[in-house]
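See below for the structure under consideration.
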Amino acid sequence: MINRICADVKRYFNYTVISARCDLMAEVASSYLNWVWWILEPFCMMLIYAFVFGYVFGSKEKYFAVFIFIGLTMWNFFNHVISGSVKIVKANKGIVTKVYIPKYMLLIQKIWVNGFKMVVSFGVVGLMLICFRIPVTFSILMFLPILFLHVLFTFAIATFLLHLGVFVEDLTNVTTIVLRFLMYMTGIFYNVEKKIPVVGYYLSRFNPLAYIISAMREILIYKKMPELRYYFLWLAVSLVLAYLGVRNIYKNENSYVKSI
Amino acid sequence: MSEYAIEVDDLCISYVSMKSYSIKKNLLRGRKEKNEYFEAVKHISFKVEKGEILGLVGQNGSGKSTMLRSIAGIFSPNSGTIDLHGHSISLMSIGVGFKPELSGRENILLSGILLGFSEKEIEEHMEEIIEFSELGEFVDKPVRTYSSGMHSKLAFAITAILETDIILIDEVLSVGDSRFKKKSFARIKSLIDNKDRTVIIVSHFNNQIRELCDKALWIDKGEFRMYGDANEVMDAYEAFMDE
């Protein structure tokens, strides 16, 4: 199984990268402001949330704009990959009915596309850190490990939705609702741990997204190391889920084509 | 010659539990619907020697395309085995295999990679493919702007120029206008002339099968009917169809 994954990744890796590059370029080519949207969209969202939660509800969070922007950047990645994964096999109908491709490669392709946008967005975070004169410390070394966990966790969840999405017609409706709920439980524009008494403590540790996003904020803004045992806990969970998800896809992928 | 390129043994393919499931419907009905069960291919076995051209005939809906797709690895058989002995394979079929938002050129690159070619090999053949497909300047426009004829021509050009060891041809010999048809027929003939290439052709033009194929396999409603010399099988098949 591990061997098969390695062989397939080696064989199709190139495809995922080139296909993602083409998709990004096509997206740019067909809009007026093209790549500016990748920055503009999260930036405008940040302004809206900063106004509503910072001004109207009077949030006391330090560096609130950066706080929101980090949350949105990571949430958008998760949100787009997850909601796209549900219909991903159908969306690539032209390809999957003509040639064999391990179906989770379609997810990896999608992760490249959205990951690239996330990196652009983190570039803006970097600029904001400079503008707000937030000092950089050693905690920044955790940036890549946390980002990796975020991507791996997203991939793991998406593998299951990819599978279910083929057979369950109205899964999109369900995921939209669940994603919205999850967004509020993750604290994109407020601090879950401070704002929700008792439950917030557990949410910020046992909701993996809340943990990952607040860990990212801690290392970038507040210069605190995240609780490492939860990092390894979620890393292990994500690895196991990703493994099971990929195995499940291998087992069933050849029947996907029959149902679309 | 006794080296086989394709060995198919006791192949069964059925479309089971294909009815998609809806949470809403299930909540309203309260119990699970029974899945429909449809056997498309029933216990078919055959072998194709390396370099051989096999014609596959049968009425519409007799499981020909299903079988080709499973040989191409696109979906798995329910039982039985398919052994390609490690040969590379491509399926030529009517219709699309493209990402509509991308240009023809990008789609050629992506399809080529999926067929197992390197970027460099595809670049080397790029101009040849574009020329064969007769797309001209459309090749840099998004595929969604193509007419259906252009679509099929491009699909045909990719598989015809990027040659794999085994080629499965599913009713594509009638693509495009009459000039392109002649050209593609000539191309197929030259592909077939290569003694290392193994080809399976599905066609509803009986004369094509007689002209191109060494052997023919006739299946009817998923069941094996006859296998043997192309002309003999076609005689029996035509007699059956005239009844």
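Residue numbering restarts at 1 in every chain; chains get A, B, ... in the order shown in the structure tokens, and ligands count up from 1 in that same order.
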Check: which chain A residues lie within 7 Å of chain B using only C-alpha atoms, as a compact mmCIF listing (two decimals) with C-alpha atoms, in the first residue's frame:
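As written to disk, out-v7.txt reads:
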```txt
# COMPACT_ATOMS: atom_id res chain seq x y z
CA TYR A 15 0.52 16.10 -13.51
CA SER A 19 -2.44 21.02 -13.99
CA CYS A 22 -2.59 25.77 -15.82
CA ALA A 26 -6.56 30.19 -16.69
CA GLY A 94 -13.75 14.37 -18.75
CA ILE A 95 -10.51 13.04 -17.36
CA THR A 97 -13.76 8.60 -17.77
CA LYS A 98 -10.91 8.56 -20.27
CA VAL A 99 -7.83 7.56 -18.37
CA TYR A 100 -6.86 6.06 -15.04
CA PHE A 167 -22.44 8.48 -4.15
CA VAL A 168 -24.37 11.00 -2.08
CA GLU A 169 -26.09 13.52 -4.32
CA ASP A 170 -26.89 16.22 -1.82
CA ASN A 254 -12.83 2.11 -9.94
CA SER A 255 -16.50 2.07 -9.20
CA VAL A 257 -16.70 6.07 -12.94
CA LYS A 258 -19.71 3.80 -13.14
CA SER A 259 -21.81 6.14 -11.06
```
Excluding same-chain residues fewer than 4 positions from segment 130-140 of chain B, what lies within 6 Å of it counting only C-alpha atoms, as a PyMOL selection string?
chain B and resi 103-105+153-154+157
Enumerate, as a VMD selection string, the complete set of residues in segment 112-221 of chain B that a backbone-based DSSP assignment places in alpha helix (DSSP H).
chain B and resid 112 to 114 119 to 133 148 to 161 178 to 193 206 to 212
Write out as a ChimeraX atom specification each polymer residue whose atoms come within 6 Å of segment 74-91 of chain A, counting only C-alpha atoms; drop sequence neighbours fewer than 4 positions from it.
/A:114,154,158,161-162,165
Same residues, N, CA and C atoms, saved as a CSV table (one decimal), in the first residue's frame:
```
chain,number,residue,atom,x,y,z
A,114,ASN,N,-5.1,25.9,-4.3
A,114,ASN,CA,-5.5,26.7,-3.1
A,114,ASN,C,-4.4,27.0,-2.2
A,154,THR,N,-6.4,19.0,6.2
A,154,THR,CA,-7.4,19.3,5.2
A,154,THR,C,-7.5,18.1,4.2
A,158,ALA,N,-10.7,15.7,3.3
A,158,ALA,CA,-11.1,15.8,1.9
A,158,ALA,C,-11.2,14.4,1.2
A,161,LEU,N,-14.5,13.0,2.0
A,161,LEU,CA,-15.6,13.7,1.3
A,161,LEU,C,-15.6,13.4,-0.2
A,162,LEU,N,-14.4,13.2,-0.8
A,162,LEU,CA,-14.3,12.8,-2.2
A,162,LEU,C,-15.1,11.5,-2.4
A,165,GLY,N,-18.9,12.0,-1.7
A,165,GLY,CA,-19.5,12.9,-2.7
A,165,GLY,C,-19.9,12.2,-4.0
```
Can you tell me which residues surround Leu141 of chain A at a distance of at most 12 Å, considering only C-alpha atoms, apart from same-chain residues fewer than 6 positions away, and format the answer as a ChimeraX atom specification?
/A:147,216,219-220,223-226
